[in-house]
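Only one structure is covered here, and it is reproduced in the block below.
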Amino acid sequence: MKIKVISILTCLVLITSSCDFDEDINVSPATPGDVSAQAIVPAAQAGMAWVIGGELVRLSGLFTQQFVGINAQQADNYRYLWVPADGDGIFLRMFVSTLQPLVIIEEKATAEESNHTSAMAKILIAHGLGSMTDMFGDIPYTNAFGARSGELQPTYDTQESIYQTIHSLLDEAITLLNGPAGVGPALGSDDLIYGGNTSSWIAAAHSLKAKYYLRLTKVSNTAYADAEAELADAISSSAGDLQLNFGTSPNEPNPAYQFSQDRGGNINIDPFFFGMLNGLNDPRRSALFLTDASTPSGYSTTFDAGTFYTNINAPVIMTSYTEMKFIEAEIELMGNNDVVAAQAALAEAIGASITKLTGANDAAYVAANSDLVSLADNAARLEQIITQKYIAMYSNGLETWTDYRRTGYPNLTPNSNGINSFNLNGEIPRRVSYPQTEIDLNNANVPIKDGNLQTPLWWDN
Amino acid sequence: MKKTYLVLVLCLFAVSGLMAQRTVTGKVTDDNGEGIPGATVQLKGTTSGVVTDIDGSYTLNVSDGDVLMISFIGFVTQEIDVGNRSVIDVSLATNFTELQEVVVTAIGLTAKKRDLGYSVQEVNSEEVDRANEVNLVAGLAGKAAGVQVTSSGGTAGAGAQIRIRGNSTIQGSNSPLFVVDGIPIDNSTFTTADSPEDAISNLGSGGVNNSNRAIDLNPNDIESLTVLKGPAATALYGVRAGNGAILITTKRGQKGAARINYSFGMTFDKVNKLPELQTTYAQGNVVGGVPTFEGPMTGSFTGNSWGPRIDELRYANEPSIWDPNGLIVHSSDPRATSRVAKAYNNTEAFFETGVTANHYLSASGGTDNINYYISVGYLNQEGIIPNNTFERTSVKATISSNLTDKLKATFSSNFINSGGIKVQNGSNTSGVMLGLLRTTPSFDNRGGVNPAKDPSAYQFEDGTPRAYRGQIGGGAIYDNPYWTVFKNFMDDNVNRIIGYGQLSYEFTDWFSLNSRVGLDQYSDIRKFRNDIGSGSFGVGQVINQAITNTDLNVDVYGTLQKELSSSIYINGTFGWNYYDKKVTNRREDGQGLASRGFFNAASAQSFSVVERPQAKQLYGVYGDVRISYLETLYLNITGRNDWSSTLGSANNSFFYPAVAVGWAFTENIDLGSALPYGKIRASYGKVGNDAPFGFTASTFTQARVRDGWTTPNGVLFPALGTNSFIPNNILGNPELKPEFTTTFEVGADLKFLNGRITTDITYYRSLTEDAIISVDLPYTTGFAQTVINAGEIENNGIEAVITGSVVRTGDFDYEIGFIFNKYESIVNEIAPGLDVITIDPFGTQRIQQGEPYGIFFGTRFLRDDQGRMVIDQNTGMPLQNPVDGKVGDPNPDFTLGFRNTFSYKNIELSMLFDFRQGGDVYNGTYGVLNGFGVGAATLDRNDRVVFPGVAADADGNPTESINTLEVVKGGTDGGTNFHQNYGFVNLDELTVQDGSWIRLRDVNISYRLPQSVVDGLPFSAITINANARNVFLITDYTGIDPETNLTGAASNVFGYDYFNNPNTKSYGFKLNVTL
């Protein structure tokens, strides 16, 4: 207090000089100036899972008729009305709330040689970039996350170079994970996904590489071979899936659960998807749908808590053994033209999905739905693989929409109300438009300023 | 006193009886010998008298001993003995004391208005009284030039936003400083939005209508109120008055016997305007080209009312839990009976008559050395929304004493307890209006019972909610509004002390030293509820919040006043100021209640606890010199230097000066009685403004993981067995400098026609530079916002106050007053590379380079170069322009207040008309309600229309061929529905509407009981008053009263209506008794 009085007096004497207040007066005690990398890890991982398991799952499901939008923006998105402002939330939560923390984790971990923490951050950054580019196309990376150094209008990297970045980040991560942990704090209980298990992270990195190589089947001759090369080291059982499990307490919910609670009635299960599973008498209905004795199928289209993906503690799956086996099936068929091997992989994929969702396999269903050999041609076989993948990838990020854009399957009839100013031909969108915030604040760099949803991405050409 | 008067009257009667009556004539003239029409010539001590004619002549019956009293406004009253004269001509002298009106200026000093080179406006206690508003700020609407007031809703305890001369700052608050008896007080609005982030950013588009803390002041305690506008007037208050200041002077005791006064008022409020809704069509959707009844009883969750006509529906002889009349089926259904389904106007049925009771008791008096004023006030308000209340108790005492000849002490203390039950608002699925207005007319929110007494209206026996969209898993989709008001309310309880002590020592007759220490301290304890099954929080929620605020303000200043020579008079003030603010804000959000209605911390399954203290310190030194020369020329020079803790350490000191000049030209140029007094004035001044709290450093914050659809819910750390932090999404700026506003002002004070007309006109132009701006960053930078110094905002405007005495006889007076206000605020520049800042929660209101502050920007129709709409040839619907544009401007063209006051003997009637021209309002409610099919505009759903415009080609480009496609507007044939075609809130072009209005803001009739009646009673005066507020409102706006705003009083959003709670009109009476 005395010091303060003296300082005040000094202020009065030196009228134009500045005044030394206690440094902390203008900083809230609730918000520390710095924290450890380990303190950021759980929120960054949960953030990634929330974007992917929340808004991305809904977007993919509404465009590919797994969900029907009944109310609010979900009703608009369902009929392919997507305005730039609809993307603001996704950009905010991915770039600001998830990727920026991961970038800081990576910086801190590298500086203090927490090598495995650094690798984990690289893997999630790669998947975050992959998710964003698969919706929007070109996105900033090289020049992004630069606010601290005064870079306020990042340039955009082409989708092609983002894909290179994804693979180099994953390669760097694999190298780090294969090496020593380093002298810094180890990746451990802060890792909500694998609890610091490095071999699980290595498998996850290879799995993501396989996923992102397969995306390029329309533009790269080596896509199948590149993806195939990763499969040997990829996730080898459902126990190793890259997923984050949420909790049972109201403050640790799964995003789909929370959406069903806060926005009940905004979406339901789409009749197309509902009818498809009923037609197949699919054993996963008990895990994916609520029961309703009053309906012919015994299931309800209501989207609410109580299913595998909508329980409060449900996982958000970012990549999985099931997905790897579907990738393998597609590679064997389309890359290697080996129908038998493709059929075996498909059977394993469907079986893994059913077992994961219901706890037990259903051999009869698997046999009935993995039979590729007896189908007429590879087109029909690919349709069978992707249609089954469409069921298995329900609520797995953007997978159903990216597969649809890549292969044209499953065979969807576009929404008859799908014509609007941004989607003049009424077809299922090929991309979503850049968010209003980027158009307003980073206009010079945004590569496409119009809202046309039919402009294809680089890998969709 | 009374006895003396009686004796006098008796004597006069006695005397007059003895005297012979005769006539006297004469002429009343002014200094220049011109006749004064309308002057009163009265016999002293009687009520008999006459008024002079157009030439100033009069004729009056007198007796020899009579004394004539000749009076006229603006002149010194003269008394003349009649003697034995029969012609008495009188020349009246101009009354300059009346022109030497004293006003309160900064630091609680007083100054003669004529000495000032800047505009100052007083609002007296009568005006405050006439407004009859609970919230003092709301009571200022239409009462002062350059002041705009907007209530955030007609709910009890709702806040009101106030702006002086428009908005000048972007990031910081645009609210003026409130000063009570020289002590700046806090006028914060703390929100308990459903997430702490919203509360901090003050957006709070959901949550409840919170109070702004000036609501704690009891308007009855106010003697007068001065509005200081430009920097020349406010510089002494420093940065805190950068947006102007409202100086409140409270009542003081006068020398004399104790004067005890009691007043009691009752006011009855009704909702004054509601959006128009349809009551023809039922809940449902168009299915296969047929409008089909859907709702909870058909297993649907639809919110829409695009179903069949309600009169095509019938009750079946089957019960339904959703309707006590039975299951609703179409008339073609075999189960249909002859009982036609009912249509309900849920909205009109919802609002009640609000009642406010206001008691006020005061005692005052004094001796030569001490005076006192003590008051107790109690106000109890029940709002128009069920369960909504506000209560305020205030106790105030002010005592002044001359301790010695030289030393004077004043002590004042005001204790206030306020609070009540606040109901939810705006954009949240538990908002009152959201659930209420969207309710389909085929559903009865009341369930056939009185919800205040019977909860079966809004909940079933198992406690789950009953609402028009049904329930999913025991939780409502939208809450029944009765559920919201009876279960999901917030209560707040504020205990506040505003006090000060002041010592003044008069060293000489020309110099005195003063010190004043003021303290404004309050605690605000809140509990916010969401019961189990609520739309916005299905598992139930209880938020306990405790806010404390302490403002310490210390001034030490010397004043001197000296006549340097017979022609030069000097008046100076020099002082030092210290201000220290501490806020603590703790809240515990408990999620997952153990049982219904169990709103206690013990009930919650998990907690997130937030503790967000803030602190600020400010030092200032200041000086003010006023020099007058021959009471003709005036010069004011002011300067202040501030040091603020919220700025970067290298830039936290800043100085700003102001200078003002005035010339009373009528002292030099005689313009006769047509213009007996005229002064022109000019000022130039600068005022600094510091930053809001906590923007100089980048920090980390405890993580909350969620998305825009689930906020406030999500993963709230500590969770999943650990704690976690992420970088705060606001990038800190350690270089933050003060922003400066420079204002140039010219004006004139003129009194015409012997002072019967007075005008006070001011033109100002102010420029804010280096504005402290919270700029949105592209999210790809890794941050959402930062705060910088950039930008330039220009405000210019004209303010005029004109009063006129239209009729002035002894008994009947008619006075009028105009308050005119016109301003323009233009954003000249924002920041390099940045020309837009979005300020509202939905991204529609922005600050844009080259445009007025706060324009609406959004979606609109595609038009060709001739302005014709472009019609899609597949759907027949007008296409939306893929590029958004400006769709409205919330700044009014001008506002005009027109006060009429009639007085006849003891009766006074006063009316304030209020005009607003222009000023768009974003009517998000309208767009959404039409999308839901409940807005009255959707009655055109079956109309076959050809949208005027040109046909679009396949790429959506305009062609030259005129559109001829005929479509059903509401898509009830299975086609596209125009009202839903442009998304959830519809095209902004359609939802932004003109907010012009004409309203009768207040009417007051007061009657002072004649002395003859009062004399028989143990009172010295009795006044009875009847009043009304918002008696009528004429506007094209299709929503609620356009005088509304969604977000809190402290936010910079304005003209925003998104399911806001409606405004009120009221009728009341007041009784005032003086002992």
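Following the order of the structure tokens, chains are lettered A, B, ..., residues in each are numbered from 1, and ligands are numbered from 1.
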Would you give me, as a VMD selection string, the residues of chain A that come within 6 Å of chain B, using only C-alpha atoms? chain A and resid 18 25 to 27 30 to 33 39 to 40 42 to 43 47 72 92 95 to 96 100 to 101 144 to 147 152 250 to 253 259 262 264 to 265 421 438 441
Take the residues just selected and output them with C-alpha atoms as a CSV table (one decimal), in the first residue's frame.
```csv
chain,number,residue,atom,x,y,z
A,18,SER,CA,2.8,6.5,-17.2
A,25,ILE,CA,-4.9,-5.7,-11.6
A,26,ASN,CA,-5.9,-6.0,-15.3
A,27,VAL,CA,-5.6,-9.8,-15.4
A,30,ALA,CA,-9.4,-17.0,-13.2
A,31,THR,CA,-7.3,-17.0,-16.3
A,32,PRO,CA,-3.7,-17.8,-15.8
A,33,GLY,CA,-1.0,-16.5,-18.2
A,39,ALA,CA,-3.2,-29.3,-18.8
A,40,ILE,CA,-4.3,-28.5,-22.4
A,42,PRO,CA,-7.8,-33.2,-22.4
A,43,ALA,CA,-9.7,-30.2,-23.6
A,47,GLY,CA,-12.8,-30.5,-28.5
A,72,ALA,CA,-34.2,-24.9,-37.5
A,92,LEU,CA,-14.6,-21.5,-34.5
A,95,PHE,CA,-9.5,-23.8,-35.5
A,96,VAL,CA,-9.8,-21.8,-32.3
A,100,GLN,CA,-4.9,-23.8,-31.7
A,101,PRO,CA,-4.7,-25.7,-28.4
A,144,ALA,CA,-2.7,-20.2,-39.9
A,145,PHE,CA,-2.5,-20.0,-36.1
A,146,GLY,CA,-0.4,-16.8,-36.5
A,147,ALA,CA,-2.3,-14.3,-34.4
A,152,LEU,CA,-4.2,-11.9,-38.9
A,250,PRO,CA,-24.0,-34.1,-16.9
A,251,ASN,CA,-20.8,-32.1,-17.4
A,252,GLU,CA,-19.0,-34.7,-19.5
A,253,PRO,CA,-21.5,-35.7,-22.2
A,259,PHE,CA,-27.8,-32.3,-29.0
A,262,ASP,CA,-31.0,-29.5,-26.0
A,264,GLY,CA,-34.7,-32.6,-29.3
A,265,GLY,CA,-37.0,-32.8,-32.3
A,421,SER,CA,-30.1,-20.1,-54.7
A,438,GLU,CA,-13.8,-15.8,-43.3
A,441,LEU,CA,-12.5,-10.9,-42.2
```
From a backbone DSSP assignment, name each residue in stretch 315-516 of chain B labelled alpha helix (DSSP H), as a PyMOL selection string. chain B and resi 346-350+432-438+481-487
Can you pull out the residues contacting B:Gly288? Cut-off 12 Å, using only C-alpha atoms, and skip same-chain residues under 4 positions away; I want them as an MDAnalysis selection string. (chainID A and resid 416) or (chainID B and resid 292 971:975)
Do a neighbour search on A:Tyr434 at 7 Å with only C-alpha atoms, toss out local chain neighbours closer than 4 positions, and write the hits as a PDB file with C-alpha atoms, in the first residue's frame.
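File result.pdb, as written:
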```
ATOM      1  CA  PRO A  84     -22.079 -19.152 -45.157  1.00  0.00           C
ATOM      2  CA  GLY A  87     -20.013 -22.762 -41.135  1.00  0.00           C
ATOM      3  CA  PHE A 136     -14.538 -26.824 -47.389  1.00  0.00           C
ATOM      4  CA  GLU A 438     -13.779 -15.773 -43.310  1.00  0.00           C
TER       5      GLU A 438
END
```
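For the atom pair formed by atom CA of B:Gly38 and atom CA of B:Ser903, the distance is 15.8 Å, given to one decimal.
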Find the residues around stretch 309-314 of chain A up to 9 Å (only C-alpha atoms counted), leave out those fewer than 2 positions away in its own chain, and share them as an MDAnalysis selection string. chainID A and resid 53 244:250 252:260 287:288 303:307 316 395
The selected residues should be written to file as a CSV table (one decimal), in the first residue's frame (atoms: C-alpha atoms).
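Now in part26.csv:
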```csv
chain,number,residue,atom,x,y,z
A,53,GLY,CA,-19.1,-36.3,-33.3
A,244,LEU,CA,-12.9,-40.8,-27.0
A,245,ASN,CA,-15.3,-42.1,-24.5
A,246,PHE,CA,-17.4,-39.6,-22.6
A,247,GLY,CA,-18.7,-39.8,-19.1
A,248,THR,CA,-21.9,-40.3,-17.3
A,249,SER,CA,-21.9,-37.0,-15.4
A,250,PRO,CA,-24.0,-34.1,-16.9
A,252,GLU,CA,-19.0,-34.7,-19.5
A,253,PRO,CA,-21.5,-35.7,-22.2
A,254,ASN,CA,-21.1,-37.0,-25.7
A,255,PRO,CA,-22.1,-34.3,-28.3
A,256,ALA,CA,-24.8,-36.3,-29.9
A,257,TYR,CA,-26.4,-37.0,-26.6
A,258,GLN,CA,-26.3,-33.4,-25.7
A,259,PHE,CA,-27.8,-32.3,-29.0
A,260,SER,CA,-30.6,-34.8,-28.5
A,287,ALA,CA,-27.9,-50.3,-31.1
A,288,LEU,CA,-28.7,-47.5,-33.4
A,303,PHE,CA,-33.3,-39.3,-32.3
A,304,ASP,CA,-32.8,-39.3,-28.6
A,305,ALA,CA,-30.6,-40.6,-25.8
A,306,GLY,CA,-30.4,-44.3,-25.4
A,307,THR,CA,-28.6,-45.6,-28.4
A,316,VAL,CA,-17.0,-40.5,-30.6
A,395,SER,CA,-22.2,-41.3,-36.9
```
